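**Student:** So here's target_15.txt, just compact mmCIF, C-alpha atoms and all ligand atoms:
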# COMPACT_ATOMS: atom_id res chain seq x y z
CA MET B 71 -33.55 -36.64 249.14
CA GLU B 72 -34.27 -33.10 250.37
CA ALA B 73 -34.38 -32.53 254.14
CA ASP B 74 -38.08 -31.55 253.99
CA GLU B 75 -38.94 -34.73 252.13
CA ARG B 76 -36.96 -36.86 254.61
CA ARG B 77 -38.76 -35.20 257.50
CA ARG B 78 -42.14 -35.75 255.82
CA ARG B 79 -41.35 -39.43 255.40
CA VAL B 80 -40.45 -39.85 259.08
CA ARG B 81 -43.58 -37.97 260.15
CA ALA B 82 -45.74 -40.14 257.90
CA VAL B 83 -44.42 -43.29 259.56
CA ARG B 84 -44.90 -41.78 263.01
CA ALA B 85 -48.50 -40.91 262.11
CA ARG B 86 -49.08 -44.42 260.75
CA LEU B 87 -47.73 -45.92 263.98
CA GLY B 88 -50.05 -43.65 265.99
CA ARG B 89 -53.10 -44.63 263.92
CA GLY B 90 -52.61 -48.33 263.27
CA GLY B 91 -49.88 -49.46 265.65
CA PRO B 92 -46.61 -51.23 264.76
CA PRO B 93 -46.31 -53.91 262.04
CA ARG B 94 -46.18 -56.58 264.76
CA THR B 95 -46.92 -56.63 268.45
CA ARG B 96 -46.22 -59.32 270.99
CA GLY B 97 -49.73 -58.84 272.38
CA PRO B 98 -51.83 -55.95 273.65
CA ASP B 99 -48.91 -54.16 275.31
CA LEU B 100 -48.26 -51.27 272.90
CA GLU B 101 -49.59 -48.55 275.20
CA ARG B 102 -47.75 -49.89 278.22
CA VAL B 103 -44.44 -50.29 276.41
CA THR B 104 -44.11 -47.44 273.96
CA LEU B 105 -43.46 -43.74 274.60
CA PRO B 106 -46.69 -41.70 274.11
CA ALA B 107 -46.81 -39.43 271.04
CA ARG B 108 -46.90 -36.25 273.13
CA ASP B 109 -43.69 -37.19 274.95
CA CYS B 110 -42.13 -38.21 271.63
CA ASP B 111 -42.84 -34.72 270.28
CA LEU B 112 -41.28 -33.12 273.36
CA LEU B 113 -38.24 -35.39 273.05
CA ARG B 114 -37.88 -34.44 269.36
CA ASP B 115 -38.18 -30.70 270.11
CA LEU B 116 -35.65 -30.91 272.92
CA LEU B 117 -33.13 -32.71 270.71
CA VAL B 118 -33.70 -30.27 267.83
CA GLY B 119 -33.09 -27.39 270.25
CA GLU B 120 -29.79 -29.03 271.23
CA GLY B 121 -28.71 -29.36 267.59
CA VAL B 122 -27.82 -33.01 268.12
CA GLU B 123 -25.70 -35.02 265.69
CA THR B 124 -25.17 -38.28 267.63
CA VAL B 125 -27.82 -39.82 269.87
CA VAL B 126 -27.65 -43.11 271.82
CA GLU B 127 -30.93 -44.84 272.66
CA ILE B 128 -31.44 -47.75 275.04
CA GLY B 129 -34.62 -49.79 274.35
CA LEU B 130 -35.96 -49.79 270.76
CA ALA B 131 -39.15 -51.89 271.23
CA TYR B 132 -41.91 -50.52 268.95
CA GLY B 133 -39.81 -47.60 267.76
CA SER B 134 -41.90 -44.60 268.84
CA SER B 135 -39.06 -42.84 270.61
CA ALA B 136 -36.58 -43.96 267.92
CA LEU B 137 -38.68 -42.30 265.21
CA ALA B 138 -38.84 -39.10 267.26
CA ILE B 139 -35.05 -39.17 267.63
CA GLY B 140 -34.72 -39.81 263.89
CA GLU B 141 -37.03 -36.90 263.11
CA ALA B 142 -34.88 -34.66 265.31
CA LEU B 143 -31.67 -35.75 263.55
CA VAL B 144 -33.19 -35.18 260.09
CA THR B 145 -34.52 -31.78 261.19
CA VAL B 146 -31.17 -30.63 262.58
CA GLY B 147 -29.42 -31.78 259.40
CA ALA B 148 -25.91 -32.06 260.89
CA PRO B 149 -23.23 -33.43 258.53
CA HIS B 150 -22.97 -36.94 260.06
CA PRO B 151 -26.16 -37.81 261.96
CA ARG B 152 -26.03 -41.03 264.00
CA HIS B 153 -28.65 -42.84 266.02
CA ILE B 154 -27.33 -45.86 267.91
CA ALA B 155 -30.10 -48.00 269.37
CA VAL B 156 -29.28 -50.75 271.89
CA ASP B 157 -31.77 -53.57 272.43
CA PRO B 158 -31.02 -57.29 272.89
CA PHE B 159 -34.67 -58.29 272.39
CA GLN B 160 -35.67 -56.39 269.23
CA ARG B 161 -35.80 -59.56 267.15
CA THR B 162 -36.80 -62.13 269.77
CA SER B 163 -39.49 -60.13 271.61
CA PHE B 164 -40.55 -57.49 269.08
CA ALA B 165 -40.12 -59.31 265.74
CA ASP B 166 -38.05 -56.33 264.53
CA ALA B 167 -41.12 -54.05 264.66
CA GLY B 168 -39.13 -50.96 265.68
CA TRP B 169 -36.37 -51.58 263.17
CA ARG B 170 -38.88 -52.07 260.32
CA LEU B 171 -40.44 -48.70 261.12
CA LEU B 172 -37.03 -47.01 261.11
CA ARG B 173 -36.41 -48.59 257.71
CA ASP B 174 -39.84 -47.49 256.39
CA ALA B 175 -39.02 -43.97 257.58
CA GLY B 176 -35.77 -44.00 255.59
CA LEU B 177 -33.75 -43.78 258.78
CA ASP B 178 -31.78 -47.01 258.39
CA GLY B 179 -28.95 -45.00 256.79
CA ILE B 180 -28.34 -43.09 260.02
CA SER B 181 -29.61 -45.61 262.59
CA GLU B 182 -27.85 -48.74 263.78
CA LEU B 183 -29.01 -51.42 266.17
CA ILE B 184 -26.72 -53.12 268.66
CA ALA B 185 -28.47 -56.31 269.75
CA LEU B 186 -26.79 -56.62 273.15
CA PRO B 187 -27.77 -55.74 276.70
CA SER B 188 -26.82 -52.13 277.34
CA ALA B 189 -24.41 -53.15 280.13
CA LEU B 190 -22.30 -54.85 277.42
CA ALA B 191 -22.95 -52.50 274.50
CA LEU B 192 -22.24 -49.19 276.23
CA PRO B 193 -18.71 -50.01 277.47
CA ARG B 194 -17.86 -51.13 273.92
CA LEU B 195 -19.01 -47.77 272.59
CA VAL B 196 -16.87 -46.05 275.23
CA ALA B 197 -13.87 -48.16 274.18
CA ASP B 198 -14.57 -47.23 270.52
CA GLY B 199 -14.27 -43.56 271.47
CA LEU B 200 -17.88 -42.63 270.62
CA VAL B 201 -18.96 -39.17 271.79
CA ALA B 202 -22.72 -38.52 271.81
CA ASP B 203 -24.62 -35.26 272.18
CA ALA B 204 -27.57 -36.89 273.93
CA ALA B 205 -29.03 -40.19 275.08
CA PHE B 206 -32.53 -41.52 275.65
CA VAL B 207 -32.85 -44.24 278.29
CA ASP B 208 -35.82 -46.64 278.18
CA GLY B 209 -34.31 -50.12 278.45
CA SER B 210 -34.31 -52.39 281.48
CA HIS B 211 -36.01 -50.62 284.37
CA ARG B 212 -34.24 -52.59 287.10
CA PHE B 213 -32.44 -50.22 289.45
CA HIS B 214 -29.00 -51.75 288.99
CA GLU B 215 -29.30 -51.79 285.20
CA VAL B 216 -30.46 -48.17 284.95
CA PHE B 217 -27.66 -47.20 287.33
CA VAL B 218 -25.10 -48.95 285.10
CA ASP B 219 -26.60 -47.38 281.95
CA LEU B 220 -26.16 -43.95 283.48
CA TYR B 221 -22.62 -44.80 284.61
CA PHE B 222 -21.57 -45.50 281.02
CA LEU B 223 -23.65 -42.74 279.46
CA ARG B 224 -21.76 -40.31 281.67
CA LEU B 225 -18.65 -41.40 279.76
CA LEU B 226 -20.35 -41.39 276.34
CA VAL B 227 -22.36 -38.16 276.37
CA ARG B 228 -20.21 -35.08 276.01
CA PRO B 229 -19.87 -32.61 278.91
CA GLY B 230 -22.88 -30.28 278.75
CA GLY B 231 -24.85 -32.89 276.78
CA LEU B 232 -28.31 -34.23 277.57
CA ILE B 233 -29.70 -37.46 278.98
CA VAL B 234 -33.46 -38.10 278.93
CA LEU B 235 -35.05 -40.94 280.88
CA ASP B 236 -38.50 -42.39 280.43
CA ASP B 237 -40.48 -43.63 283.44
CA ASP B 238 -39.06 -41.31 286.06
CA TRP B 239 -42.23 -42.12 288.01
CA THR B 240 -40.95 -45.66 288.74
CA PRO B 241 -39.02 -45.91 292.02
CA SER B 242 -36.16 -47.85 290.41
CA VAL B 243 -35.50 -45.37 287.57
CA ARG B 244 -36.12 -42.36 289.76
CA THR B 245 -33.73 -43.51 292.47
CA ALA B 246 -30.94 -44.44 290.05
CA LEU B 247 -31.10 -41.02 288.41
CA ARG B 248 -31.14 -39.17 291.74
CA TYR B 249 -27.67 -40.54 292.57
CA TYR B 250 -26.24 -38.66 289.61
CA GLU B 251 -28.23 -35.51 290.33
CA HIS B 252 -27.25 -35.44 294.04
CA ASN B 253 -23.64 -36.51 293.62
CA LEU B 254 -22.35 -35.71 290.16
CA GLY B 255 -23.81 -32.35 289.26
CA TRP B 256 -26.44 -33.49 286.73
CA THR B 257 -28.97 -30.67 286.40
CA PRO B 258 -32.64 -31.48 285.82
CA LEU B 259 -34.52 -29.53 283.15
CA PRO B 260 -38.05 -29.67 284.62
CA ALA B 261 -39.60 -27.51 281.90
CA ALA B 262 -38.65 -29.96 279.13
CA PHE B 263 -41.48 -32.45 279.82
CA ALA B 264 -43.78 -30.29 281.97
CA THR B 265 -46.51 -30.47 279.33
CA GLY B 266 -46.00 -34.19 278.69
CA THR B 267 -47.63 -37.28 280.19
CA HIS B 268 -47.73 -37.38 283.99
CA ARG B 269 -47.82 -40.37 286.34
CA HIS B 270 -48.07 -40.87 290.09
CA PRO B 271 -44.64 -41.83 291.51
CA GLY B 272 -44.70 -45.52 292.34
CA ASP B 273 -48.29 -45.60 291.03
CA ALA B 274 -49.37 -44.38 294.48
CA PRO B 275 -52.62 -42.41 293.97
CA ALA B 276 -51.81 -40.08 296.90
CA ALA B 277 -48.47 -39.00 295.40
CA PRO B 278 -48.76 -35.89 293.18
CA PRO B 279 -48.19 -36.82 289.53
CA VAL B 280 -44.83 -36.05 287.94
CA PRO B 281 -43.77 -35.92 284.28
CA ARG B 282 -42.98 -39.46 283.12
CA CYS B 283 -39.87 -38.27 281.27
CA ARG B 284 -37.04 -36.37 282.89
CA ALA B 285 -34.21 -34.56 281.10
CA VAL B 286 -30.90 -33.80 282.76
CA ARG B 287 -27.87 -31.87 281.58
CA LEU B 288 -24.38 -33.14 282.30
CA PRO B 289 -21.98 -30.71 283.93
CA ASP B 290 -19.25 -29.06 281.90
CA PRO B 291 -16.55 -29.69 283.01
CA PRO B 292 -17.42 -33.14 284.43
CA VAL B 293 -17.67 -33.48 288.21
CA GLU B 294 -15.61 -36.20 289.96
CA PRO B 295 -16.13 -35.75 293.71
CA PRO B 296 -13.98 -37.42 296.41
CA PHE B 297 -15.70 -40.45 297.92
CA GLU B 298 -15.99 -38.62 301.25
CA ALA B 299 -18.38 -36.14 299.60
CA PHE B 300 -21.00 -38.86 298.97
CA GLN B 301 -24.57 -37.58 299.35
CA PRO B 302 -27.48 -39.94 300.14
CA PHE B 303 -29.75 -40.03 297.12
CA TRP B 304 -32.76 -42.21 298.00
CA ALA B 305 -35.64 -40.61 296.13
CA GLY B 306 -37.92 -41.13 299.13
CA LEU B 307 -40.68 -43.18 297.49
C1 LIG B 401 -40.26 -49.80 277.47
S1 LIG B 401 -39.53 -50.57 276.12
C2 LIG B 401 -38.91 -49.25 275.15
C3 LIG B 401 -39.99 -48.50 274.41
C4 LIG B 401 -39.49 -47.61 273.29
N1 LIG B 401 -38.76 -46.49 273.82
C5 LIG B 401 -40.67 -47.13 272.44
O1 LIG B 401 -40.97 -45.92 272.44
O2 LIG B 401 -41.28 -47.98 271.79
C6 LIG B 401 -38.09 -51.27 276.84
C7 LIG B 401 -37.14 -51.87 275.86
O3 LIG B 401 -35.92 -52.14 276.53
C8 LIG B 401 -35.38 -53.32 276.03
N2 LIG B 401 -34.44 -53.85 277.03
C9 LIG B 401 -34.71 -54.65 278.09
N3 LIG B 401 -33.57 -54.94 278.75
C10 LIG B 401 -32.58 -54.29 278.10
C11 LIG B 401 -31.17 -54.20 278.30
N4 LIG B 401 -30.57 -54.84 279.31
N5 LIG B 401 -30.45 -53.45 277.42
C12 LIG B 401 -31.06 -52.78 276.41
N6 LIG B 401 -32.38 -52.83 276.17
C13 LIG B 401 -33.13 -53.59 277.01
C14 LIG B 401 -36.58 -54.20 275.74
O4 LIG B 401 -36.27 -55.18 274.77
C15 LIG B 401 -37.58 -53.17 275.24
O5 LIG B 401 -37.47 -53.06 273.85
Rewrite the structure of this file - the entire thing - as structure tokens.
**Tutor:**
Amino acid sequence: MEADERRRRVRAVRARLGRGGPPRTRGPDLERVTLPARDCDLLRDLLVGEGVETVVEIGLAYGSSALAIGEALVTVGAPHPRHIAVDPFQRTSFADAGWRLLRDAGLDGISELIALPSALALPRLVADGLVADAAFVDGSHRFHEVFVDLYFLRLLVRPGGLIVLDDDWTPSVRTALRYYEHNLGWTPLPAAFATGTHRHPGDAPAAPPVPRCRAVRLPDPPVEPPFEAFQPFWAGL
């Protein structure tokens, strides 16, 4: 299939998802769970600009972000595109809704699903020697689990590569990410999602809204500071 035709097919499935929702939902939680279309477009454009070939995603759910990642990979057209999605609950909680959409979009040839918690899946990928160009993080939002995701993604994503997190307005995600920014030289790219969806940090109406997604670039070469150089990183929410 030609690249244009593959892209059209992915876009058609994305449009269908936007109009009619996923093939199955677990209740009226689509809007709360899934990445909004505008942010999906920004994620796609960012990944296309990076010329990505291998992308790791944590949290497949209804597949909105996965389809955007797939569209980016098809658009770039690198020789061996790979999208590795990690989600232990795709079958049990989402009745495979996200995976079905990836299949409908013709992306099952480049996408794979690891049905394990990310804290178990990511170290396996490290041990397998996987090197990714970028990662999208939207799995468990508990502080300790996001922190561990980022710990392993630091080993999986190549130096100079990108990590994008959804829900940077939540105190748990925001605080976990700030450790890496304050201590390990991860550089935020504030322009990447400036025109995307905004939320009040911690849902506090008085706090000025921030973009819900945040992109960071890993340092090249990697930074490994001495423990005495530790910087407090509490995001102050
Ligand atoms: C907010 S949803 C992701 C939404 C998705 N990005 C989209 O656009 O539809 C969070 C997902 O993380 C998954 N998840 C929860 N705990 C996880 C864990 N420990 N490891 C990996 N995924 C996890 C859930 O099953 C759910 O699919």
**Student:** Write out as a PyMOL selection string which residues come within 8 Å of stretch 140-152 of chain B when counting only C-alpha atoms, dropping same-chain ones fewer than 4 positions away.
**Tutor:** chain B and resi 73+76-77+80-81+114-115+117-118+121-125+136+177+180-182
**Student:** Would you name the residues within 7 Å of ligand LIG 401 (chain B), counting all atoms listed in the file, and put them as a ChimeraX atom specification?
**Tutor:** /B:103-105,128-136,156-160,163,186-189,208-210,215
**Student:** Once you have the residues from the selection above, write them out as an mmCIF file, in the frame of the given file, restricted to C-alpha atoms.
**Tutor:**
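Final file, result20.cif:
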data_model
loop_
_atom_site.group_PDB
_atom_site.id
_atom_site.type_symbol
_atom_site.label_atom_id
_atom_site.label_comp_id
_atom_site.auth_asym_id
_atom_site.auth_seq_id
_atom_site.Cartn_x
_atom_site.Cartn_y
_atom_site.Cartn_z
ATOM 1 C CA VAL B 103 -44.440 -50.290 276.410
ATOM 2 C CA THR B 104 -44.110 -47.440 273.960
ATOM 3 C CA LEU B 105 -43.460 -43.740 274.600
ATOM 4 C CA ILE B 128 -31.440 -47.750 275.040
ATOM 5 C CA GLY B 129 -34.620 -49.790 274.350
ATOM 6 C CA LEU B 130 -35.960 -49.790 270.760
ATOM 7 C CA ALA B 131 -39.150 -51.890 271.230
ATOM 8 C CA TYR B 132 -41.910 -50.520 268.950
ATOM 9 C CA GLY B 133 -39.810 -47.600 267.760
ATOM 10 C CA SER B 134 -41.900 -44.600 268.840
ATOM 11 C CA SER B 135 -39.060 -42.840 270.610
ATOM 12 C CA ALA B 136 -36.580 -43.960 267.920
ATOM 13 C CA VAL B 156 -29.280 -50.750 271.890
ATOM 14 C CA ASP B 157 -31.770 -53.570 272.430
ATOM 15 C CA PRO B 158 -31.020 -57.290 272.890
ATOM 16 C CA PHE B 159 -34.670 -58.290 272.390
ATOM 17 C CA GLN B 160 -35.670 -56.390 269.230
ATOM 18 C CA SER B 163 -39.490 -60.130 271.610
ATOM 19 C CA LEU B 186 -26.790 -56.620 273.150
ATOM 20 C CA PRO B 187 -27.770 -55.740 276.700
ATOM 21 C CA SER B 188 -26.820 -52.130 277.340
ATOM 22 C CA ALA B 189 -24.410 -53.150 280.130
ATOM 23 C CA ASP B 208 -35.820 -46.640 278.180
ATOM 24 C CA GLY B 209 -34.310 -50.120 278.450
ATOM 25 C CA SER B 210 -34.310 -52.390 281.480
ATOM 26 C CA GLU B 215 -29.300 -51.790 285.200
#
**Student:** Quick one: residues within 12 Å of B:Pro271, only C-alpha atoms counted, chain neighbours fewer than 5 positions away excluded, as a ChimeraX atom specification?
**Tutor:** /B:237-245,276-283,305-307
**Student:** Can I get the selected residues back with C-alpha atoms, as an mmCIF file, in the coordinates of the input?
**Tutor:**
data_model
loop_
_atom_site.group_PDB
_atom_site.id
_atom_site.type_symbol
_atom_site.label_atom_id
_atom_site.label_comp_id
_atom_site.auth_asym_id
_atom_site.auth_seq_id
_atom_site.Cartn_x
_atom_site.Cartn_y
_atom_site.Cartn_z
ATOM 1 C CA ASP B 237 -40.480 -43.630 283.440
ATOM 2 C CA ASP B 238 -39.060 -41.310 286.060
ATOM 3 C CA TRP B 239 -42.230 -42.120 288.010
ATOM 4 C CA THR B 240 -40.950 -45.660 288.740
ATOM 5 C CA PRO B 241 -39.020 -45.910 292.020
ATOM 6 C CA SER B 242 -36.160 -47.850 290.410
ATOM 7 C CA VAL B 243 -35.500 -45.370 287.570
ATOM 8 C CA ARG B 244 -36.120 -42.360 289.760
ATOM 9 C CA THR B 245 -33.730 -43.510 292.470
ATOM 10 C CA ALA B 276 -51.810 -40.080 296.900
ATOM 11 C CA ALA B 277 -48.470 -39.000 295.400
ATOM 12 C CA PRO B 278 -48.760 -35.890 293.180
ATOM 13 C CA PRO B 279 -48.190 -36.820 289.530
ATOM 14 C CA VAL B 280 -44.830 -36.050 287.940
ATOM 15 C CA PRO B 281 -43.770 -35.920 284.280
ATOM 16 C CA ARG B 282 -42.980 -39.460 283.120
ATOM 17 C CA CYS B 283 -39.870 -38.270 281.270
ATOM 18 C CA ALA B 305 -35.640 -40.610 296.130
ATOM 19 C CA GLY B 306 -37.920 -41.130 299.130
ATOM 20 C CA LEU B 307 -40.680 -43.180 297.490
#
**Student:** Rounded to one decimal in Å, what is the spacing between atom CA of B:Ala264 and atom CA of B:Arg102?
**Tutor:**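 Computing the Euclidean distance for atom CA of B:Ala264 and atom CA of B:Arg102 yields 20.3 Å.
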**Student:** Between atom CA of B:Arg284 and atom CA of B:Asp236, what distance in Å does the model show, to one decimal?
**Tutor:**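 Taking atom CA of B:Arg284 and atom CA of B:Asp236, their separation equals 6.7 Å.
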**Student:** Have a look at B:Thr257, B:Asp219, B:Val126, B:Tyr249 and name the one nearest to B:Ala202; count all atoms listed in the file.
**Tutor:** B:Val126
